[in-house]
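entry_3.cif follows; it contains mmCIF, C-alpha atoms and all ligand atoms.
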data_input
loop_
_atom_site.label_atom_id
_atom_site.label_comp_id
_atom_site.auth_asym_id
_atom_site.auth_seq_id
_atom_site.Cartn_x
_atom_site.Cartn_y
_atom_site.Cartn_z
CA MET A 1 20.60 25.58 90.13
CA ALA A 2 22.74 27.69 87.83
CA ARG A 3 25.60 29.52 89.48
CA LYS A 4 25.53 33.23 88.66
CA PHE A 5 28.81 34.34 87.10
CA PHE A 6 30.73 36.57 89.54
CA VAL A 7 33.46 39.05 88.67
CA GLY A 8 35.31 40.90 91.41
CA GLY A 9 37.79 43.70 90.87
CA ASN A 10 40.44 43.80 93.57
CA TRP A 11 41.95 47.27 93.46
CA LYS A 12 44.44 46.39 96.22
CA MET A 13 46.24 49.52 97.51
CA ASN A 14 45.61 51.48 94.32
CA GLY A 15 43.48 54.43 93.32
CA ASN A 16 42.75 57.98 94.34
CA LYS A 17 39.53 59.95 93.86
CA ASN A 18 40.45 60.86 90.28
CA GLU A 19 41.28 57.31 89.31
CA ILE A 20 38.19 55.99 91.08
CA ASN A 21 36.05 58.46 89.10
CA ASN A 22 37.57 57.03 85.91
CA ILE A 23 36.90 53.44 86.94
CA VAL A 24 33.30 54.25 87.89
CA ASN A 25 32.85 56.04 84.56
CA PHE A 26 33.94 53.08 82.45
CA LEU A 27 31.82 50.76 84.56
CA LYS A 28 28.81 53.06 84.06
CA ALA A 29 29.46 53.21 80.32
CA GLY A 30 29.71 49.39 80.20
CA PRO A 31 27.54 47.94 78.93
CA LEU A 32 27.81 45.14 81.50
CA ASP A 33 26.26 41.70 81.08
CA ALA A 34 23.19 41.84 83.36
CA ASN A 35 23.64 38.16 84.20
CA VAL A 36 26.93 38.80 85.97
CA GLU A 37 27.35 39.84 89.61
CA VAL A 38 30.00 42.55 89.73
CA VAL A 39 31.78 43.65 92.90
CA VAL A 40 34.68 46.07 93.33
CA GLY A 41 37.16 45.61 96.20
CA VAL A 42 38.15 49.04 97.40
CA PRO A 43 40.78 50.37 99.86
CA SER A 44 38.98 51.01 103.13
CA ILE A 45 39.41 54.78 103.14
CA TYR A 46 37.67 55.01 99.73
CA LEU A 47 34.79 52.63 100.45
CA THR A 48 32.19 55.27 101.27
CA TYR A 49 33.34 57.63 98.51
CA THR A 50 33.20 54.85 95.92
CA LYS A 51 29.86 53.63 97.19
CA SER A 52 28.45 57.14 96.81
CA ILE A 53 29.23 57.21 93.06
CA LEU A 54 28.86 53.53 92.03
CA PRO A 55 25.84 52.62 89.91
CA ASN A 56 23.50 50.23 91.71
CA ASN A 57 24.18 47.28 89.39
CA ILE A 58 27.65 47.05 90.97
CA SER A 59 28.36 46.06 94.55
CA ILE A 60 31.28 46.93 96.77
CA SER A 61 33.69 45.03 98.98
CA ALA A 62 36.31 45.77 101.59
CA GLN A 63 39.68 44.02 101.23
CA ASN A 64 40.05 42.94 104.84
CA ALA A 65 38.26 43.02 108.20
CA TYR A 66 39.15 41.82 111.68
CA LYS A 67 37.65 38.88 113.55
CA VAL A 68 35.80 40.75 116.29
CA GLU A 69 33.24 43.55 116.39
CA LYS A 70 35.26 46.22 118.22
CA GLY A 71 38.04 46.81 120.69
CA ALA A 72 41.70 47.64 121.15
CA PHE A 73 42.94 46.62 117.69
CA THR A 74 44.69 49.69 116.33
CA GLY A 75 44.49 49.99 112.57
CA GLU A 76 41.79 47.37 112.05
CA ILE A 77 38.20 47.67 110.88
CA SER A 78 35.36 45.29 111.70
CA PRO A 79 32.51 43.73 109.73
CA ALA A 80 30.13 45.73 111.94
CA MET A 81 31.78 48.96 110.77
CA LEU A 82 31.48 47.84 107.15
CA LEU A 83 27.79 47.07 107.59
CA ASP A 84 27.26 50.40 109.32
CA ASN A 85 28.54 52.01 106.11
CA GLY A 86 26.46 49.83 103.80
CA ILE A 87 29.38 47.69 102.61
CA PRO A 88 28.04 44.16 102.00
CA TRP A 89 31.21 42.23 101.01
CA VAL A 90 34.73 41.61 102.25
CA ILE A 91 37.70 39.85 100.63
CA LEU A 92 39.44 37.60 103.17
CA GLY A 93 42.51 35.41 102.95
CA HIS A 94 44.01 37.08 99.92
CA SER A 95 47.51 35.77 99.25
CA GLU A 96 48.97 39.18 100.02
CA ARG A 97 47.33 39.06 103.45
CA ARG A 98 48.70 35.56 103.93
CA ASN A 99 52.19 36.08 102.55
CA VAL A 100 53.01 39.76 103.09
CA PHE A 101 51.18 40.18 106.40
CA GLY A 102 51.60 36.67 107.75
CA GLU A 103 47.93 35.77 108.18
CA THR A 104 47.49 32.10 108.99
CA ASP A 105 44.81 29.65 107.86
CA THR A 106 43.40 29.82 111.39
CA LEU A 107 43.18 33.61 111.57
CA ILE A 108 41.60 33.75 108.12
CA ALA A 109 39.05 31.12 109.08
CA GLU A 110 38.20 33.09 112.24
CA LYS A 111 37.77 36.25 110.15
CA VAL A 112 35.52 34.45 107.66
CA ALA A 113 33.39 32.99 110.45
CA HIS A 114 33.02 36.33 112.20
CA ALA A 115 32.23 38.24 108.99
CA LEU A 116 29.51 35.74 108.04
CA ALA A 117 28.06 35.78 111.54
CA ALA A 118 27.99 39.59 111.42
CA GLY A 119 26.09 39.49 108.12
CA ILE A 120 28.82 40.32 105.60
CA LYS A 121 29.34 38.26 102.45
CA VAL A 122 32.84 36.89 101.94
CA ILE A 123 35.12 36.41 98.96
CA ALA A 124 37.44 33.83 100.52
CA CYS A 125 40.78 33.34 98.77
CA ILE A 126 42.99 30.29 98.65
CA GLY A 127 45.90 29.20 96.51
CA GLU A 128 49.25 27.44 96.40
CA LYS A 129 52.72 28.92 95.96
CA LEU A 130 54.95 27.99 93.04
CA GLU A 131 57.19 25.72 95.11
CA GLU A 132 54.13 23.94 96.49
CA ARG A 133 52.77 23.35 92.98
CA GLU A 134 56.15 22.12 91.77
CA ALA A 135 56.38 19.75 94.73
CA GLY A 136 52.98 18.30 93.77
CA LYS A 137 51.34 19.78 96.88
CA THR A 138 48.65 21.96 95.31
CA GLU A 139 45.72 19.91 96.56
CA GLU A 140 47.19 19.33 100.00
CA VAL A 141 47.69 23.08 100.50
CA ILE A 142 44.35 24.30 99.21
CA PHE A 143 42.40 21.56 100.96
CA LEU A 144 44.01 22.58 104.27
CA GLN A 145 43.09 26.21 103.55
CA ILE A 146 39.43 25.38 102.91
CA LYS A 147 39.21 22.85 105.72
CA ALA A 148 40.29 25.56 108.18
CA ILE A 149 37.34 27.65 106.99
CA ALA A 150 34.86 24.77 106.68
CA ASP A 151 35.55 23.74 110.29
CA LYS A 152 34.45 27.17 111.53
CA ILE A 153 31.40 28.07 109.44
CA LYS A 154 27.89 26.66 109.30
CA SER A 155 26.81 27.80 105.87
CA TRP A 156 28.54 28.56 102.57
CA ASP A 157 25.53 30.50 101.23
CA ASN A 158 27.24 33.89 101.52
CA VAL A 159 30.68 32.80 100.38
CA VAL A 160 32.36 33.02 97.00
CA LEU A 161 35.57 30.99 96.88
CA ALA A 162 38.46 32.47 94.89
CA TYR A 163 41.14 30.05 93.74
CA GLU A 164 44.20 32.19 93.16
CA PRO A 165 47.47 30.36 92.59
CA VAL A 166 50.08 32.62 94.17
CA TRP A 167 52.45 32.14 91.22
CA ALA A 168 49.84 33.66 88.90
CA ILE A 169 49.03 36.76 90.94
CA GLY A 170 50.43 39.95 89.46
CA THR A 171 53.00 37.96 87.48
CA GLY A 172 51.37 37.92 84.05
CA LYS A 173 51.54 34.11 84.34
CA THR A 174 47.93 32.97 84.14
CA ALA A 175 46.98 29.39 84.90
CA THR A 176 45.82 27.77 81.68
CA PRO A 177 42.08 27.18 81.48
CA GLN A 178 42.83 23.46 81.90
CA GLN A 179 45.02 24.00 84.99
CA ALA A 180 42.38 26.21 86.60
CA GLN A 181 39.50 23.90 85.66
CA GLU A 182 41.34 20.90 87.10
CA VAL A 183 41.77 22.58 90.49
CA HIS A 184 38.22 23.98 90.52
CA ASN A 185 36.91 20.52 89.81
CA LYS A 186 39.03 19.03 92.62
CA LEU A 187 37.66 21.69 94.96
CA ARG A 188 34.11 20.82 93.98
CA GLN A 189 34.83 17.16 94.69
CA TRP A 190 36.28 18.10 98.07
CA PHE A 191 33.11 20.03 98.93
CA SER A 192 30.90 17.19 97.81
CA LYS A 193 32.74 14.76 100.05
CA ASN A 194 33.47 16.97 103.06
CA VAL A 195 30.62 19.49 103.19
CA SER A 196 27.70 18.40 101.02
CA PRO A 197 26.79 17.72 97.39
CA ALA A 198 24.43 20.72 97.54
CA VAL A 199 27.20 23.11 98.55
CA SER A 200 29.51 21.59 95.96
CA GLU A 201 26.86 22.31 93.34
CA SER A 202 25.91 25.82 94.40
CA LEU A 203 29.20 27.35 95.59
CA ARG A 204 30.73 29.78 93.15
CA ILE A 205 34.42 29.08 92.64
CA ILE A 206 36.12 31.92 90.83
CA TYR A 207 39.63 32.11 89.42
CA GLY A 208 42.19 34.84 90.08
CA GLY A 209 45.72 35.42 88.89
CA SER A 210 46.63 37.59 85.89
CA VAL A 211 43.16 37.49 84.37
CA THR A 212 43.04 39.92 81.45
CA ALA A 213 40.66 41.00 78.70
CA ASP A 214 42.59 38.62 76.41
CA ASN A 215 42.44 35.41 78.45
CA ALA A 216 39.10 35.79 80.28
CA LYS A 217 36.93 34.31 77.53
CA ASP A 218 38.83 31.03 77.38
CA LEU A 219 38.87 30.68 81.16
CA ALA A 220 35.13 31.45 81.33
CA LYS A 221 34.36 28.49 79.05
CA GLU A 222 35.43 25.98 81.70
CA SER A 223 32.47 24.41 83.46
CA ASP A 224 33.76 24.83 87.02
CA ILE A 225 35.01 28.41 86.65
CA ASP A 226 32.21 30.67 87.88
CA GLY A 227 33.93 34.00 87.46
CA PHE A 228 37.08 35.90 88.33
CA LEU A 229 38.87 37.93 90.94
CA VAL A 230 40.84 40.48 88.96
CA GLY A 231 43.66 42.64 90.30
CA GLY A 232 45.65 44.80 87.90
CA ALA A 233 43.23 44.47 85.01
CA SER A 234 40.32 45.76 87.10
CA LEU A 235 41.84 49.25 87.09
CA ASN A 236 41.30 49.91 83.39
CA SER A 237 38.44 49.64 80.94
CA GLY A 238 39.46 46.13 79.83
CA PHE A 239 37.67 45.10 83.03
CA VAL A 240 34.39 45.55 81.15
CA THR A 241 35.53 42.93 78.62
CA ILE A 242 36.37 40.58 81.50
CA ILE A 243 32.94 41.10 83.09
CA ASN A 244 31.36 40.23 79.73
CA ALA A 245 33.59 37.18 79.14
CA LYS A 246 30.69 34.76 79.33
CA GLN A 247 28.77 36.39 76.44
P1 LIG B 1 46.15 40.07 89.39
O1 LIG B 1 45.67 39.93 90.90
O2 LIG B 1 44.92 39.98 88.52
O3 LIG B 1 46.81 41.42 89.30
O4 LIG B 1 47.08 38.94 89.12
C1 LIG B 1 44.64 39.04 91.25
C2 LIG B 1 44.39 39.12 92.72
O5 LIG B 1 45.34 39.30 93.49
O6 LIG B 1 43.23 39.02 93.18
#

Could you write out this structure as C-alpha cells?
Amino acid sequence: MARKFFVGGNWKMNGNKNEINNIVNFLKAGPLDANVEVVVGVPSIYLTYTKSILPNNISISAQNAYKVEKGAFTGEISPAMLLDNGIPWVILGHSERRNVFGETDTLIAEKVAHALAAGIKVIACIGEKLEEREAGKTEEVIFLQIKAIADKIKSWDNVVLAYEPVWAIGTGKTATPQQAQEVHNKLRQWFSKNVSPAVSESLRIIYGGSVTADNAKDLAKESDIDGFLVGGASLNSGFVTIINAKQ
C-alpha cells in the first residue's frame, strides 16, 4: 500500500488574522499536488477562524491537547473540545513541548493515547538533541520516545510520526537527506520488530527541521521520508513548493 505524502505546516505561536488570511490565500492559489495530504497546525485561539476560511483540500490541526476530556486544568484544551469544533488533528510531543514546557515521554504518550481514543488524529513528534546525536545516542533516545507511545496505544492507523532532530529545528541546519533517511529506515525496522510489519509498512514517517523550498525536493526523494512537518517555512508562499516537492 502506497503511503500518501503528508505535509504539515506548524505555525507555532505565530500569526494574526491578517497573516492567516495571507497564508490561506497562497494555499488557495496553490496549485497544490492533489496527491498530498496537507494539514496546517494553528494556535488554538485561531483554529475556528482558520477553519472557517481554509479551502476543503486542506485540513487543520491543533498544536497541543491535554490527556483527559475535561476538568480542573486551567489553560488546557481537550481532544473533545477540538472535535466539538471540527478540528480533526493534533500535534503532540513537539520538541518545544518537551524541552521548553518539560513534557515527558510518559505524558506525551498519555496525550497521544487519549487523543486517539477520543477520535482525533495525531502528528506525534520525536527527535534527539545535538548532544545525544554526538554521543551516538540517537536511536536509543528516539526508540524510547516511540516505545512510550507504542506501549499505550492499540492502533497506529490515525498517527503520523514526525522525526524532528532537535538540532535541526528552527536552526537552518537541516539533516541531510541521507541522515534523515537513515533514521527513518531505523524507525521502520523498529516498528517491524516491535509493533508489526504491517504498521512498519503503512505508517507515514515525516521529517521536520529546517525544511525549506530549496531542500524539500532532495529530502522527498528518500524512500522512507513520507512528507514533512514544516515550521518557519510554512508561513510564506514557499510552503506551496514544499507541498509539491514530490512532483
Ligand atoms: P522549522 O520547525 O521548520 O522552523 O525548523 C519545524 C518544527 O518545529 O516542526

Legend entry - Env. residues ligand LIG 1 (chain B) / 6 Å / all atoms listed in the file / as a PyMOL selection string: chain A and resi 10+168-170+208-211+229-233

Restrict the selected residues to C-alpha atoms and save them as a PDB file, in the frame of the given file.
ATOM      1  CA  ASN A  10      40.440  43.800  93.570  1.00  0.00           C
ATOM      2  CA  ALA A 168      49.840  33.660  88.900  1.00  0.00           C
ATOM      3  CA  ILE A 169      49.030  36.760  90.940  1.00  0.00           C
ATOM      4  CA  GLY A 170      50.430  39.950  89.460  1.00  0.00           C
ATOM      5  CA  GLY A 208      42.190  34.840  90.080  1.00  0.00           C
ATOM      6  CA  GLY A 209      45.720  35.420  88.890  1.00  0.00           C
ATOM      7  CA  SER A 210      46.630  37.590  85.890  1.00  0.00           C
ATOM      8  CA  VAL A 211      43.160  37.490  84.370  1.00  0.00           C
ATOM      9  CA  LEU A 229      38.870  37.930  90.940  1.00  0.00           C
ATOM     10  CA  VAL A 230      40.840  40.480  88.960  1.00  0.00           C
ATOM     11  CA  GLY A 231      43.660  42.640  90.300  1.00  0.00           C
ATOM     12  CA  GLY A 232      45.650  44.800  87.900  1.00  0.00           C
ATOM     13  CA  ALA A 233      43.230  44.470  85.010  1.00  0.00           C
TER      14      ALA A 233
END

Counting all atoms listed in the file, what are the residues of range 174-239 of chain A within 12 Å of range 113-136 of chain A, and for each of them which pair of atoms is the nearest and at what distance in Å, to one decimal? Sort the table by chain and rising number, as a tab-separated table.
residue	atom	partner	partner_atom	distance
A:Ala175	CA	A:Leu130	CA	11.5
A:Gln179	CA	A:Arg133	CA	11.2
A:Ala180	CA	A:Gly127	CA	10.9
A:Val183	CA	A:Gly127	CA	9.9
A:His184	CA	A:Gly127	CA	11.1
A:Leu187	CA	A:Ile126	CA	10.8
A:Leu203	CA	A:Ile123	CA	11.3
A:Arg204	CA	A:Ile123	CA	9.8
A:Ile205	CA	A:Ala124	CA	9.7
A:Ile206	CA	A:Cys125	CA	9.3
A:Tyr207	CA	A:Cys125	CA	9.5
A:Gly208	CA	A:Cys125	CA	8.9
A:Gly209	CA	A:Gly127	CA	9.8
A:Gly227	CA	A:Ile123	CA	11.8
A:Phe228	CA	A:Ile123	CA	10.8
A:Leu229	CA	A:Ile123	CA	9.0

Inset, instruction - Considering only C-alpha atoms, state which residue in the set A:Glu19, A:Glu37, A:Glu164, A:Glu139 is at the smallest distance from Lys246 in chain A. - result: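 Counting only C-alpha atoms, the residue closest to Lys246 in chain A is A:Glu37.
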
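Distances to Ile87 in chain A were evaluated for A:Lys51, A:Lys67, A:Arg188, A:Lys147 using all atoms listed in the file, and the minimum falls at A:Lys51.
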
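Note that CA of Ile91 in chain A and CA of Thr106 in chain A are 15.8 Å apart.
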